[in-house]
Amino acid sequence: MFEKCMNFYQELGGELKPFEKFKGEVEVGYRIEYEKKVSEADVVLFGLVSGDLNPVHFDDEYAAKTKFGGRVIHGMLTTSLVSAAVARMPGTVVLLENHFRYTAPVRIGENIKVEGVVVEREKNRYRVEVKCLVGDRVVAEGWVKVLIW
C-alpha cells in the first residue's frame, strides 16, 4: 500500500526524499537541516488529511483578494517539515512539544529549508530551536522538544 501511495504522490508531482538518519551524537550544539520543494500535491493532500480546506490555500480568485495576493500553503504544512527533520536525528525520536511563529507566507513551488540546533538537553529530552526558510527569508521559527532513545 505504501509503495502504491508513494508512486501516486510522485505522479502528482510530489517530491519524495529517502529517509536517511543523520550521523553523530546528539548534544547541545548538534545541527539539523532538511529541505523540500512544496508542490500542489502536497497542499491538496495536506488539506484532505487535515481537513483544512481554507480557500486561501485552494481558490485562486479568493486568495487573490487577501493580503497574500494569491494562494499560500498551510502554515502547518510548512512546519510539518520540522517533524521530518527531527525524525532523521540519530536514535528513535518522538516529538513531545512544539511552538511556532509564522512570519511570512509560502507559495506552492517554493523550496522550504529547515535549520535547527539543539540548545538544551535534560537526560534524553532535547530542545531544538528551528527556523523554516525560503531562500534567506524566515517563514516560520520556534522550537520543538523531542525524546530520543
# chains A, B, ... in the order shown; residues from 1 in each chain; ligands from 1
>>> residues_around(residues="region 121-135 of chain A", least_positions_apart="2", cutoff="10 Å", atoms="only C-alpha atoms", output="PyMOL selection string")
chain A and resi 26-35+37+78-79+81-82+85-86+93-107+110-119+137-149
>>> select_by_dssp(residues="region 21-148 of chain A", states="strand (DSSP E or B)", output="MDAnalysis selection string")
chainID A and resid 31:37 93:102 111:122 125:134 137:148
>>> select_by_dssp(residues="region 7-122 of chain A", states="helix (DSSP H, G or I)", output="ChimeraX atom specification")
/A:7-11,40-50,55-58,60-64,75-87
>>> closest_residue(among="A:Val49, A:His57, A:Lys67, A:Leu77", to="Lys36 (chain A)", atoms="only C-alpha atoms")
A:Leu77
>>> residues_around(residues="Met6 (chain A)", least_positions_apart="3", cutoff="12 Å", atoms="only C-alpha atoms", output="number ranges by chain")
A: 1-3, 9-18, 41
>>> decode(residues="region 25-52 of chain A", atoms="N, CA and C atoms", output="compact mmCIF listing (two decimals), in the first residue's frame")
# COMPACT_ATOMS: atom_id res chain seq x y z
N GLU A 25 26.55 12.27 17.43
CA GLU A 25 25.96 12.14 18.76
C GLU A 25 25.22 13.43 19.08
N VAL A 26 23.99 13.29 19.55
CA VAL A 26 23.17 14.46 19.81
C VAL A 26 23.53 15.06 21.17
N GLU A 27 24.04 16.26 21.12
CA GLU A 27 24.40 17.06 22.29
C GLU A 27 24.01 18.50 22.00
N VAL A 28 24.11 19.37 22.99
CA VAL A 28 23.87 20.79 22.77
C VAL A 28 24.83 21.25 21.65
N GLY A 29 24.29 21.96 20.69
CA GLY A 29 25.07 22.41 19.54
C GLY A 29 24.88 21.56 18.29
N TYR A 30 24.28 20.36 18.43
CA TYR A 30 24.03 19.47 17.28
C TYR A 30 23.10 20.18 16.31
N ARG A 31 23.41 20.13 15.02
CA ARG A 31 22.64 20.84 14.00
C ARG A 31 21.93 19.87 13.05
N ILE A 32 20.75 20.29 12.63
CA ILE A 32 19.99 19.53 11.64
C ILE A 32 19.60 20.45 10.50
N GLU A 33 19.35 19.84 9.35
CA GLU A 33 18.95 20.59 8.17
C GLU A 33 18.14 19.64 7.28
N TYR A 34 17.08 20.17 6.70
CA TYR A 34 16.24 19.39 5.79
C TYR A 34 15.56 20.37 4.86
N GLU A 35 15.38 19.99 3.60
CA GLU A 35 14.65 20.87 2.70
C GLU A 35 13.80 20.09 1.73
N LYS A 36 12.74 20.76 1.27
CA LYS A 36 11.79 20.13 0.36
C LYS A 36 11.07 21.22 -0.43
N LYS A 37 10.85 20.94 -1.69
CA LYS A 37 10.04 21.80 -2.54
C LYS A 37 8.58 21.39 -2.34
N VAL A 38 7.73 22.36 -2.04
CA VAL A 38 6.32 22.08 -1.76
C VAL A 38 5.51 22.19 -3.05
N SER A 39 4.81 21.12 -3.37
CA SER A 39 4.06 21.04 -4.62
C SER A 39 2.56 21.21 -4.40
N GLU A 40 1.86 21.34 -5.50
CA GLU A 40 0.40 21.36 -5.47
C GLU A 40 -0.13 20.08 -4.80
N ALA A 41 0.50 18.95 -5.10
CA ALA A 41 0.08 17.68 -4.50
C ALA A 41 0.20 17.74 -2.98
N ASP A 42 1.26 18.37 -2.46
CA ASP A 42 1.43 18.50 -1.01
C ASP A 42 0.27 19.28 -0.39
N VAL A 43 -0.09 20.38 -1.02
CA VAL A 43 -1.15 21.23 -0.50
C VAL A 43 -2.49 20.49 -0.51
N VAL A 44 -2.80 19.86 -1.62
CA VAL A 44 -4.07 19.14 -1.74
C VAL A 44 -4.14 17.99 -0.73
N LEU A 45 -3.09 17.18 -0.68
CA LEU A 45 -3.11 16.04 0.25
C LEU A 45 -3.13 16.49 1.70
N PHE A 46 -2.38 17.55 2.04
CA PHE A 46 -2.38 18.06 3.41
C PHE A 46 -3.78 18.57 3.77
N GLY A 47 -4.39 19.29 2.85
CA GLY A 47 -5.74 19.78 3.10
C GLY A 47 -6.73 18.65 3.32
N LEU A 48 -6.64 17.62 2.51
CA LEU A 48 -7.54 16.48 2.65
C LEU A 48 -7.30 15.73 3.96
N VAL A 49 -6.05 15.50 4.30
CA VAL A 49 -5.73 14.76 5.52
C VAL A 49 -6.10 15.57 6.76
N SER A 50 -5.78 16.86 6.76
CA SER A 50 -6.01 17.69 7.95
C SER A 50 -7.45 18.19 8.04
N GLY A 51 -8.14 18.27 6.91
CA GLY A 51 -9.47 18.86 6.88
C GLY A 51 -9.45 20.37 6.75
N ASP A 52 -8.25 20.96 6.63
CA ASP A 52 -8.12 22.41 6.47
C ASP A 52 -8.27 22.75 4.98
